[in-house]
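So this one's data-v3.txt, compact mmCIF, C-alpha atoms and all ligand atoms:
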```
# COMPACT_ATOMS: atom_id res chain seq x y z
CA MET A 69 109.58 13.22 56.90
CA THR A 70 107.98 15.67 54.50
CA ALA A 71 110.14 18.66 53.63
CA ALA A 72 109.30 21.98 55.24
CA THR A 73 107.83 24.57 52.94
CA GLY A 74 106.76 28.20 52.79
CA ALA A 75 106.47 29.84 56.16
CA ALA A 76 109.03 27.60 57.76
CA ASP A 77 112.00 29.38 56.15
CA ALA A 78 113.70 29.87 59.49
CA VAL A 79 113.08 26.31 60.54
CA PRO A 80 115.67 23.62 59.86
CA THR A 81 113.93 21.16 57.54
CA THR A 82 114.62 18.16 59.73
CA ASP A 83 112.94 19.80 62.74
CA ALA A 84 109.85 21.02 60.97
CA VAL A 85 106.76 18.87 60.95
CA PRO A 86 103.79 20.02 58.90
CA ILE A 87 100.85 20.10 61.29
CA THR A 88 98.40 18.45 58.95
CA ASP A 89 100.80 15.87 57.51
CA ALA A 90 98.94 12.77 58.69
CA ILE A 91 95.46 14.12 58.23
CA PRO A 92 93.59 13.91 54.93
CA VAL A 93 93.28 17.42 53.54
CA ALA A 94 89.50 17.43 53.79
CA ASP A 95 89.75 16.59 57.49
CA ALA A 96 92.71 18.83 58.21
CA VAL A 97 92.71 20.35 61.69
CA PRO A 98 92.75 24.11 61.25
CA ILE A 99 95.83 25.65 62.80
CA ARG A 100 93.72 27.60 65.32
CA ASP A 101 92.67 24.27 66.81
CA ALA A 102 96.22 23.63 67.83
CA VAL A 103 96.10 26.47 70.36
CA PRO A 104 93.02 26.79 72.58
CA VAL A 105 92.17 23.45 74.15
CA THR A 106 88.48 24.20 74.37
CA ASP A 107 88.29 24.63 70.57
CA ALA A 108 90.05 21.36 69.87
CA ALA A 109 88.49 19.05 67.31
CA PRO A 110 87.03 15.62 68.03
CA VAL A 111 87.06 14.98 71.73
CA THR A 112 86.59 11.27 72.12
CA ASP A 113 86.53 11.01 75.90
CA ALA A 114 83.95 13.07 77.74
CA VAL A 115 86.02 15.93 79.09
CA PRO A 116 83.63 18.29 80.87
CA ALA A 117 83.19 21.59 79.02
CA GLY A 118 85.75 24.21 79.98
CA ILE A 119 88.20 21.70 81.48
CA ALA A 120 91.48 21.13 79.66
CA ALA A 121 92.14 17.53 78.70
CA ALA A 122 94.99 15.99 80.68
CA VAL A 123 96.31 14.51 77.45
CA GLU A 124 95.29 15.31 73.93
CA ILE A 125 96.75 13.35 71.03
CA ARG A 126 95.84 14.40 67.53
CA GLY A 127 96.74 12.79 64.21
CA VAL A 128 99.92 11.21 65.60
CA THR A 129 101.78 9.18 63.01
CA LYS A 130 105.11 7.45 63.48
CA SER A 131 107.10 5.16 61.19
CA PHE A 132 110.31 3.25 61.70
CA GLY A 133 111.64 2.96 58.16
CA ALA A 134 108.81 1.53 56.07
CA ASN A 135 106.98 0.27 59.16
CA ARG A 136 104.11 2.63 60.00
CA VAL A 137 103.71 1.98 63.70
CA LEU A 138 101.23 4.75 64.53
CA ASP A 139 98.72 5.69 61.90
CA GLY A 140 96.91 8.91 62.74
CA VAL A 141 96.08 8.31 66.41
CA ASP A 142 93.59 10.60 68.19
CA LEU A 143 93.03 10.22 71.92
CA THR A 144 91.72 12.44 74.67
CA VAL A 145 92.25 11.66 78.33
CA CYS A 146 90.30 13.30 81.15
CA PRO A 147 92.20 14.66 84.15
CA GLY A 148 92.37 12.09 86.95
CA HIS A 149 91.25 9.24 84.72
CA VAL A 150 92.92 5.87 84.33
CA THR A 151 93.29 4.84 80.70
CA VAL A 152 94.42 1.30 79.98
CA VAL A 153 95.78 0.56 76.52
CA ILE A 154 95.54 -3.05 75.34
CA GLY A 155 96.21 -4.77 72.04
CA PRO A 156 98.32 -7.38 70.30
CA SER A 157 102.10 -7.35 70.19
CA GLY A 158 103.37 -4.78 67.71
CA ALA A 159 100.14 -2.74 67.74
CA GLY A 160 102.09 0.41 68.62
CA LYS A 161 101.04 0.71 72.29
CA SER A 162 104.50 1.41 73.70
CA THR A 163 105.33 3.75 70.85
CA LEU A 164 102.16 5.72 71.51
CA LEU A 165 103.05 6.00 75.20
CA ARG A 166 106.56 7.13 74.34
CA THR A 167 105.28 9.88 72.04
CA ILE A 168 103.40 11.37 74.99
CA ASN A 169 106.64 12.49 76.64
CA HIS A 170 108.52 12.80 73.37
CA LEU A 171 110.77 9.78 73.88
CA GLU A 172 109.54 9.11 70.35
CA LYS A 173 109.11 12.10 68.08
CA PRO A 174 105.93 11.92 65.98
CA ASP A 175 106.37 12.27 62.22
CA ALA A 176 103.10 14.17 62.17
CA GLY A 177 100.39 15.24 64.56
CA TYR A 178 100.89 16.51 68.08
CA VAL A 179 100.51 15.77 71.76
CA ARG A 180 99.40 18.21 74.42
CA VAL A 181 99.58 17.60 78.15
CA ASN A 182 97.48 19.97 80.23
CA GLY A 183 97.13 22.12 77.15
CA GLU A 184 100.88 22.40 76.51
CA LEU A 185 102.38 21.09 73.29
CA ILE A 186 104.97 18.42 74.05
CA GLY A 187 108.39 18.46 72.41
CA VAL A 188 107.52 21.17 69.91
CA ARG A 189 106.32 24.70 69.61
CA GLN A 190 104.08 26.05 66.94
CA GLN A 191 105.70 28.28 64.37
CA LYS A 192 103.20 29.58 61.83
CA ASP A 193 101.97 26.45 60.08
CA HIS A 194 104.68 24.13 61.39
CA PHE A 195 105.79 22.58 64.63
CA ARG A 196 109.41 23.12 65.54
CA GLU A 197 111.28 20.82 67.91
CA LEU A 198 112.02 22.38 71.31
CA PRO A 199 115.60 22.52 72.60
CA GLU A 200 116.61 19.41 74.56
CA ARG A 201 116.57 21.29 77.87
CA ALA A 202 112.96 22.34 77.37
CA ILE A 203 111.98 18.78 76.46
CA LEU A 204 113.69 17.49 79.62
CA ALA A 205 111.77 20.06 81.67
CA GLN A 206 108.50 18.83 80.15
CA ARG A 207 109.45 15.22 80.83
CA ALA A 208 110.07 16.05 84.49
CA GLU A 209 106.34 16.82 84.75
CA ILE A 210 105.38 13.38 83.41
CA GLY A 211 106.18 10.26 85.41
CA PHE A 212 107.24 7.19 83.42
CA VAL A 213 107.41 3.64 84.73
CA PHE A 214 109.25 1.23 82.45
CA GLN A 215 108.91 -2.52 82.11
CA SER A 216 112.55 -2.91 83.14
CA PHE A 217 112.44 -0.61 86.24
CA ASN A 218 115.56 1.37 85.16
CA LEU A 219 116.70 2.06 88.73
CA PHE A 220 120.23 3.30 89.44
CA PRO A 221 121.99 0.16 90.72
CA HIS A 222 124.52 2.11 92.80
CA LEU A 223 121.85 4.08 94.71
CA THR A 224 119.65 2.80 97.53
CA ALA A 225 115.87 2.72 97.15
CA LEU A 226 115.65 5.99 99.07
CA GLU A 227 118.37 7.64 96.98
CA ASN A 228 116.73 6.48 93.74
CA VAL A 229 113.46 8.16 94.74
CA ALA A 230 115.09 11.31 96.16
CA ALA A 231 117.49 11.84 93.25
CA ALA A 232 115.28 13.79 90.82
CA PRO A 233 113.65 16.22 93.27
CA ALA A 234 117.07 17.06 94.74
CA ALA A 235 118.82 17.31 91.34
CA THR A 236 116.14 19.55 89.83
CA GLY A 237 116.22 21.86 92.83
CA ARG A 238 112.54 21.17 93.54
CA ALA A 239 113.43 20.22 97.10
CA SER A 240 116.39 20.44 99.43
CA LYS A 241 118.29 17.18 99.91
CA SER A 242 116.69 16.58 103.29
CA GLU A 243 113.18 17.38 101.99
CA ALA A 244 113.73 15.05 99.04
CA ARG A 245 114.82 12.23 101.35
CA GLU A 246 111.89 12.82 103.68
CA ARG A 247 109.42 12.67 100.79
CA ALA A 248 111.17 9.63 99.33
CA ALA A 249 110.74 7.81 102.66
CA GLU A 250 107.03 8.74 102.67
CA LEU A 251 106.56 7.49 99.10
CA LEU A 252 108.41 4.24 99.75
CA THR A 253 106.23 3.71 102.81
CA LEU A 254 103.18 4.32 100.62
CA VAL A 255 104.24 1.56 98.23
CA GLY A 256 104.90 -0.82 101.14
CA LEU A 257 108.68 -0.56 101.28
CA ALA A 258 109.26 1.26 104.58
CA ASP A 259 111.71 -1.47 105.59
CA LYS A 260 113.73 -1.26 102.34
CA LEU A 261 114.80 2.38 102.29
CA ASP A 262 118.50 1.54 102.44
CA ALA A 263 118.39 -1.51 100.17
CA TYR A 264 120.15 -1.45 96.81
CA PRO A 265 118.10 -2.58 93.76
CA GLY A 266 120.18 -5.75 93.43
CA ARG A 267 118.89 -6.83 96.85
CA LEU A 268 115.22 -6.27 95.96
CA SER A 269 112.80 -8.57 94.17
CA GLY A 270 111.45 -7.48 90.77
CA GLY A 271 108.15 -6.48 92.37
CA GLN A 272 109.93 -4.41 95.00
CA GLN A 273 112.12 -2.75 92.37
CA GLN A 274 109.06 -1.87 90.35
CA ARG A 275 107.42 -0.37 93.44
CA VAL A 276 110.55 1.75 93.97
CA ALA A 277 110.23 2.83 90.33
CA ILE A 278 106.61 3.84 90.92
CA ALA A 279 107.61 5.83 94.02
CA ARG A 280 110.32 7.48 91.93
CA ALA A 281 107.79 8.38 89.23
CA MET A 282 105.64 10.02 91.92
CA ALA A 283 108.52 11.95 93.48
CA LEU A 284 108.19 15.05 91.30
CA ARG A 285 104.42 15.11 91.95
CA PRO A 286 103.50 14.71 88.28
CA GLY A 287 99.89 15.14 87.21
CA LEU A 288 100.39 12.33 84.71
CA ILE A 289 102.15 8.98 85.03
CA LEU A 290 102.73 6.65 82.08
CA PHE A 291 103.22 2.92 82.67
CA ASP A 292 104.77 0.80 79.93
CA GLU A 293 103.95 -2.84 80.67
CA PRO A 294 104.97 -2.41 84.32
CA THR A 295 104.41 -6.07 85.26
CA SER A 296 105.61 -7.84 82.11
CA ALA A 297 109.10 -8.50 83.45
CA LEU A 298 107.88 -9.85 86.79
CA ASP A 299 107.43 -13.40 88.00
CA PRO A 300 103.70 -14.11 88.14
CA GLU A 301 103.57 -14.17 91.92
CA LEU A 302 105.00 -10.61 92.09
CA VAL A 303 102.53 -9.06 89.63
CA GLY A 304 99.77 -8.60 92.22
CA GLU A 305 101.80 -6.41 94.58
CA VAL A 306 102.64 -3.96 91.78
CA LEU A 307 99.07 -3.85 90.45
CA ALA A 308 97.84 -3.21 94.01
CA VAL A 309 100.09 -0.15 94.28
CA MET A 310 98.84 1.07 90.90
CA LYS A 311 95.22 0.57 91.98
CA ASP A 312 95.93 2.66 95.09
CA LEU A 313 97.33 5.37 92.85
CA ALA A 314 94.22 5.31 90.65
CA GLY A 315 91.61 7.61 92.09
CA THR A 316 94.14 9.90 93.81
CA GLY A 317 93.67 12.52 91.11
CA THR A 318 96.79 11.56 89.17
CA THR A 319 96.09 10.79 85.52
CA LEU A 320 97.40 7.35 84.59
CA ILE A 321 97.93 5.83 81.16
CA VAL A 322 98.85 2.19 81.42
CA VAL A 323 99.94 -0.13 78.63
CA THR A 324 99.40 -3.63 79.94
CA HIS A 325 98.33 -7.15 79.13
CA GLU A 326 96.62 -7.40 82.55
CA ILE A 327 92.99 -7.42 81.49
CA GLY A 328 91.88 -7.90 85.12
CA PHE A 329 93.58 -4.62 86.05
CA ALA A 330 91.87 -2.91 83.12
CA ARG A 331 88.52 -4.20 84.29
CA GLU A 332 88.99 -3.10 87.90
CA ALA A 333 90.95 0.13 87.63
CA ALA A 334 90.33 1.72 84.23
CA ASP A 335 87.92 4.52 83.44
CA THR A 336 88.64 3.95 79.76
CA VAL A 337 90.01 0.94 77.91
CA VAL A 338 91.63 1.63 74.56
CA PHE A 339 92.12 -1.25 72.13
CA MET A 340 94.87 -0.70 69.55
CA ASP A 341 95.73 -2.73 66.51
CA ALA A 342 98.11 -2.02 63.62
CA GLY A 343 98.89 1.52 64.76
CA ARG A 344 95.29 2.61 65.20
CA ILE A 345 92.79 2.94 68.01
CA VAL A 346 90.14 0.45 66.98
CA GLU A 347 87.80 0.85 69.91
CA GLN A 348 87.65 2.66 73.24
CA GLY A 349 85.21 3.12 76.08
CA PRO A 350 84.42 2.04 79.64
CA PRO A 351 85.88 -1.37 80.55
CA ARG A 352 82.51 -3.08 80.77
CA ARG A 353 81.66 -2.07 77.24
CA VAL A 354 85.01 -2.71 75.56
CA LEU A 355 85.89 -5.87 77.49
CA ASP A 356 82.46 -7.46 77.86
CA HIS A 357 80.62 -6.12 74.81
CA PRO A 358 83.27 -5.23 72.22
CA GLU A 359 81.82 -3.82 69.04
CA HIS A 360 84.69 -4.37 66.66
CA PRO A 361 85.49 -7.89 65.35
CA ARG A 362 89.22 -7.28 65.90
CA THR A 363 88.63 -6.45 69.58
CA ARG A 364 86.47 -9.56 69.95
CA GLU A 365 89.12 -11.73 68.33
CA PHE A 366 91.88 -10.32 70.56
CA LEU A 367 89.86 -10.70 73.75
CA SER A 368 88.82 -14.23 72.87
CA LYS A 369 92.52 -15.12 72.82
CA VAL A 370 93.60 -13.37 76.02
CA LEU A 371 90.60 -13.85 78.32
N1 LIG B 1 113.06 2.13 67.93
C1 LIG B 1 112.48 1.32 67.04
N2 LIG B 1 113.07 1.08 65.86
C2 LIG B 1 112.49 0.28 64.93
N3 LIG B 1 111.29 -0.33 65.10
C3 LIG B 1 110.66 -0.11 66.27
C4 LIG B 1 111.22 0.72 67.30
N4 LIG B 1 110.35 0.75 68.33
C5 LIG B 1 109.30 -0.02 67.98
N5 LIG B 1 109.49 -0.54 66.74
C6 LIG B 1 108.54 -1.40 66.02
O1 LIG B 1 107.27 -0.79 66.08
C7 LIG B 1 106.26 -1.76 66.19
C8 LIG B 1 105.37 -1.43 67.37
O2 LIG B 1 106.15 -1.56 68.54
P1 LIG B 1 105.54 -1.24 69.99
O3 LIG B 1 106.58 -1.63 70.98
O4 LIG B 1 105.01 0.13 70.02
O5 LIG B 1 104.33 -2.29 70.01
P2 LIG B 1 103.49 -2.79 71.26
O6 LIG B 1 102.07 -2.75 70.85
O7 LIG B 1 103.88 -2.05 72.48
O8 LIG B 1 103.96 -4.31 71.34
P3 LIG B 1 104.30 -5.25 72.61
O9 LIG B 1 102.98 -5.55 73.28
O10 LIG B 1 104.91 -6.48 71.98
O11 LIG B 1 105.27 -4.50 73.47
C9 LIG B 1 106.95 -3.10 66.26
O12 LIG B 1 106.92 -3.67 64.97
C10 LIG B 1 108.35 -2.75 66.67
O13 LIG B 1 109.27 -3.69 66.21
```
Here is the file; what I need is its structure written in the form of structure tokens.
Ligand SMILES: Nc1ncnc2c1ncn2[C@@H]1O[C@H](COP(=O)(O)OP(=O)(O)OP(=O)(O)O)[C@@H](O)[C@H]1O
Amino acid sequence: MTAATGAADAVPTTDAVPITDAIPVADAVPIRDAVPVTDAAPVTDAVPAGIAAAVEIRGVTKSFGANRVLDGVDLTVCPGHVTVVIGPSGAGKSTLLRTINHLEKPDAGYVRVNGELIGVRQQKDHFRELPERAILAQRAEIGFVFQSFNLFPHLTALENVAAAPAATGRASKSEARERAAELLTLVGLADKLDAYPGRLSGGQQQRVAIARAMALRPGLILFDEPTSALDPELVGEVLAVMKDLAGTGTTLIVVTHEIGFAREAADTVVFMDAGRIVEQGPPRRVLDHPEHPRTREFLSKVL
């Protein structure tokens, strides 16, 4: 990480990230652009004028040691849209998703969700890391569905879904349980409310995880390869639940290798390779008429 300078005197060096670090000086995003959403520089998805982007990623760079995994990523996501991120193994797809709720901290650049900077606040010409409690509060507004479900094994399906709303004080215990039962019914698990994860199939566990992600009524849900750990015959039931969720007004960003899902459910398909967004657009254009040779090569292997 580059050392903090000048105006960041009060900022511990390790927490301070120069705003323009990843961006060539000539293209640097003026600091004012980091505040009002409507003034933000290059909007790649067509967000209607005057409407805040659901997610705005600008100049995000992330390295693990010498491995630059994200290399100046810009992405804008419209509210209510489904964005499907595809690309070869190691392209940086999961890392990009994890920067959106600050599970990974960008080395440079920033992420805003509904106009709010994630994980940092702006201090003069630097971003300063938020306290852990504030980051957790931001994360509570963003659903996350992992490849490996991550359910509490000692809680029933109902208790898994009800846990966060009750623990955060968003709902009374009985309200949280009532809503959890509704959500589990929505994902087709009305008869499994009292089942422990160990007694559920992978597809059922993942549907519980989706219900859990919906429990705090987030405007945005991130899916990190939600069907990759499933037996092939269980993939369809999870994708069906995700398709139902698409179009309900919730913004979804889905990292997946399921090209069929991308074709049917996505508003935008994003193709990533080597830490960069190579190509993005509506599924019919990116999947059927890719412009970039790298996208064509990738699709010729997976289709
Ligand atoms: N915590 C970490 N520490 C070190 N390297 C990491 C870490 N997380 C990811 N990487 C590396 O970053 C690169 C990109 O990983 P990432 O998981 O984002 O790729 P991906 O496109 O999602 O790949 P896949 O489709 O295989 O899941 C890989 O080389 C990976 O080994």
Exercise. Could you jot down the atom C1 of ligand LIG 1 (chain B) to CA of Gly343 (chain A) separation for me, Å, one decimal place?
Key: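 Between atom C1 of ligand LIG 1 (chain B) and CA of Gly343 (chain A) the gap works out to 13.8 Å.
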Practice problem: Figure out the distance between CA of Ile154 (chain A) and CA of Pro300 (chain A), please, to one decimal in Å. | Solution: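 For CA of Pro300 (chain A) relative to CA of Ile154 (chain A), the distance reads 18.8 Å.
Pairwise distance (CA of Pro156 (chain A), CA of Ser269 (chain A)) equals 27.9 Å.
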Self-check item: Selection as a ChimeraX atom specification: residues within 8 Å of ligand LIG 1 (chain B) by only C-alpha atoms and all ligand atoms
Solution: /A:131-133,135-138,154-164,293,323-325,340-341,343
Exercise. Have a look at A:His357, A:Arg166, A:Ala234, A:Glu124 and name the one nearest to Glu184 (chain A); count all atoms listed in the file.
Key: A:Glu124
Exercise on region 196-214 of chain A, axis-aligned box with 6 Å per side, report centre and edge lengths in Å to one decimal, as JSON:
```
{"center_x": 111.0, "center_y": 12.2, "center_z": 75.5, "size_x": 23.2, "size_y": 33.9, "size_z": 31.9}
```
Do you know which residues are at most 10 Å from Ala225 (chain A) counting all atoms listed in the file, after dropping those on the same chain fewer than 3 positions away, and could you put them as an mmCIF file with C-alpha atoms, in the coordinates of the input?
```cif
data_model
loop_
_atom_site.group_PDB
_atom_site.id
_atom_site.type_symbol
_atom_site.label_atom_id
_atom_site.label_comp_id
_atom_site.auth_asym_id
_atom_site.auth_seq_id
_atom_site.Cartn_x
_atom_site.Cartn_y
_atom_site.Cartn_z
ATOM 1 C CA LEU A 219 116.700 2.060 88.730
ATOM 2 C CA PHE A 220 120.230 3.300 89.440
ATOM 3 C CA PRO A 221 121.990 0.160 90.720
ATOM 4 C CA HIS A 222 124.520 2.110 92.800
ATOM 5 C CA ASN A 228 116.730 6.480 93.740
ATOM 6 C CA VAL A 229 113.460 8.160 94.740
ATOM 7 C CA ALA A 230 115.090 11.310 96.160
ATOM 8 C CA ALA A 248 111.170 9.630 99.330
ATOM 9 C CA ALA A 249 110.740 7.810 102.660
ATOM 10 C CA LEU A 252 108.410 4.240 99.750
ATOM 11 C CA LEU A 257 108.680 -0.560 101.280
ATOM 12 C CA LYS A 260 113.730 -1.260 102.340
ATOM 13 C CA LEU A 261 114.800 2.380 102.290
ATOM 14 C CA ASP A 262 118.500 1.540 102.440
ATOM 15 C CA ALA A 263 118.390 -1.510 100.170
ATOM 16 C CA TYR A 264 120.150 -1.450 96.810
ATOM 17 C CA PRO A 265 118.100 -2.580 93.760
ATOM 18 C CA LEU A 268 115.220 -6.270 95.960
ATOM 19 C CA GLN A 272 109.930 -4.410 95.000
ATOM 20 C CA GLN A 273 112.120 -2.750 92.370
ATOM 21 C CA ARG A 275 107.420 -0.370 93.440
ATOM 22 C CA VAL A 276 110.550 1.750 93.970
ATOM 23 C CA ALA A 277 110.230 2.830 90.330
ATOM 24 C CA ALA A 279 107.610 5.830 94.020
ATOM 25 C CA ARG A 280 110.320 7.480 91.930
#
```
Quiz item: Using all atoms listed in the file, which residues sit within 8 Å of Thr167 (chain A) once same-chain residues fewer than 6 positions away are excluded, as a PyMOL selection string?
Solution: chain A and resi 173-174+179
Quiz item: Using only C-alpha atoms, what residues lie at most 9 Å away from (102.2, -0.2, 98.9) (file coordinates), given as a ChimeraX atom specification?
Solution: /A:251-257,275,305-306,308-310,312
Just C-alpha atoms for this one: save the residues we selected as a compact mmCIF listing (two decimals), keeping the file's coordinate frame.
```txt
# COMPACT_ATOMS: atom_id res chain seq x y z
CA LEU A 251 106.56 7.49 99.10
CA LEU A 252 108.41 4.24 99.75
CA THR A 253 106.23 3.71 102.81
CA LEU A 254 103.18 4.32 100.62
CA VAL A 255 104.24 1.56 98.23
CA GLY A 256 104.90 -0.82 101.14
CA LEU A 257 108.68 -0.56 101.28
CA ARG A 275 107.42 -0.37 93.44
CA GLU A 305 101.80 -6.41 94.58
CA VAL A 306 102.64 -3.96 91.78
CA ALA A 308 97.84 -3.21 94.01
CA VAL A 309 100.09 -0.15 94.28
CA MET A 310 98.84 1.07 90.90
CA ASP A 312 95.93 2.66 95.09
```
Self-check item: Nearest to Lys130 (chain A) by atom-to-atom distance, counting only C-alpha atoms, from A:Ala342, A:Phe217, A:Gly211, A:Arg362
Solution: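 Answer, going by the shortest atom-to-atom distance: A:Ala342.
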Practice problem: Up to 12 Å from (109.3, 18.4, 78.7) in the file's coordinates: name the residues, counting all atoms listed in the file, as number ranges by chain. | Solution: A: 167-171, 179-181, 184-189, 197-211, 286
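Of the listed residues (A:Arg247, A:Phe339, A:Ser242, A:Gly287), A:Phe339 comes nearest to Glu359 (chain A); the distances count only C-alpha atoms.
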Quiz item: Which is closest to Leu165 (chain A) among A:Phe195, A:Ile278, A:Thr224, A:Leu290, if we use all atoms listed in the file?
Solution: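 Nearest to Leu165 (chain A): A:Leu290.
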Practice problem: For Ala297 (chain A), work out the shell of residues within 10 Å, counting only C-alpha atoms and skipping chain neighbours fewer than 6 positions away, then give it as a list of chain:residue names. | Solution: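 Everything that qualifies: A:Phe214, A:Gln215, A:Ser216, A:Phe217, A:Gly270, A:Gly271, A:Gln274, A:Val303.
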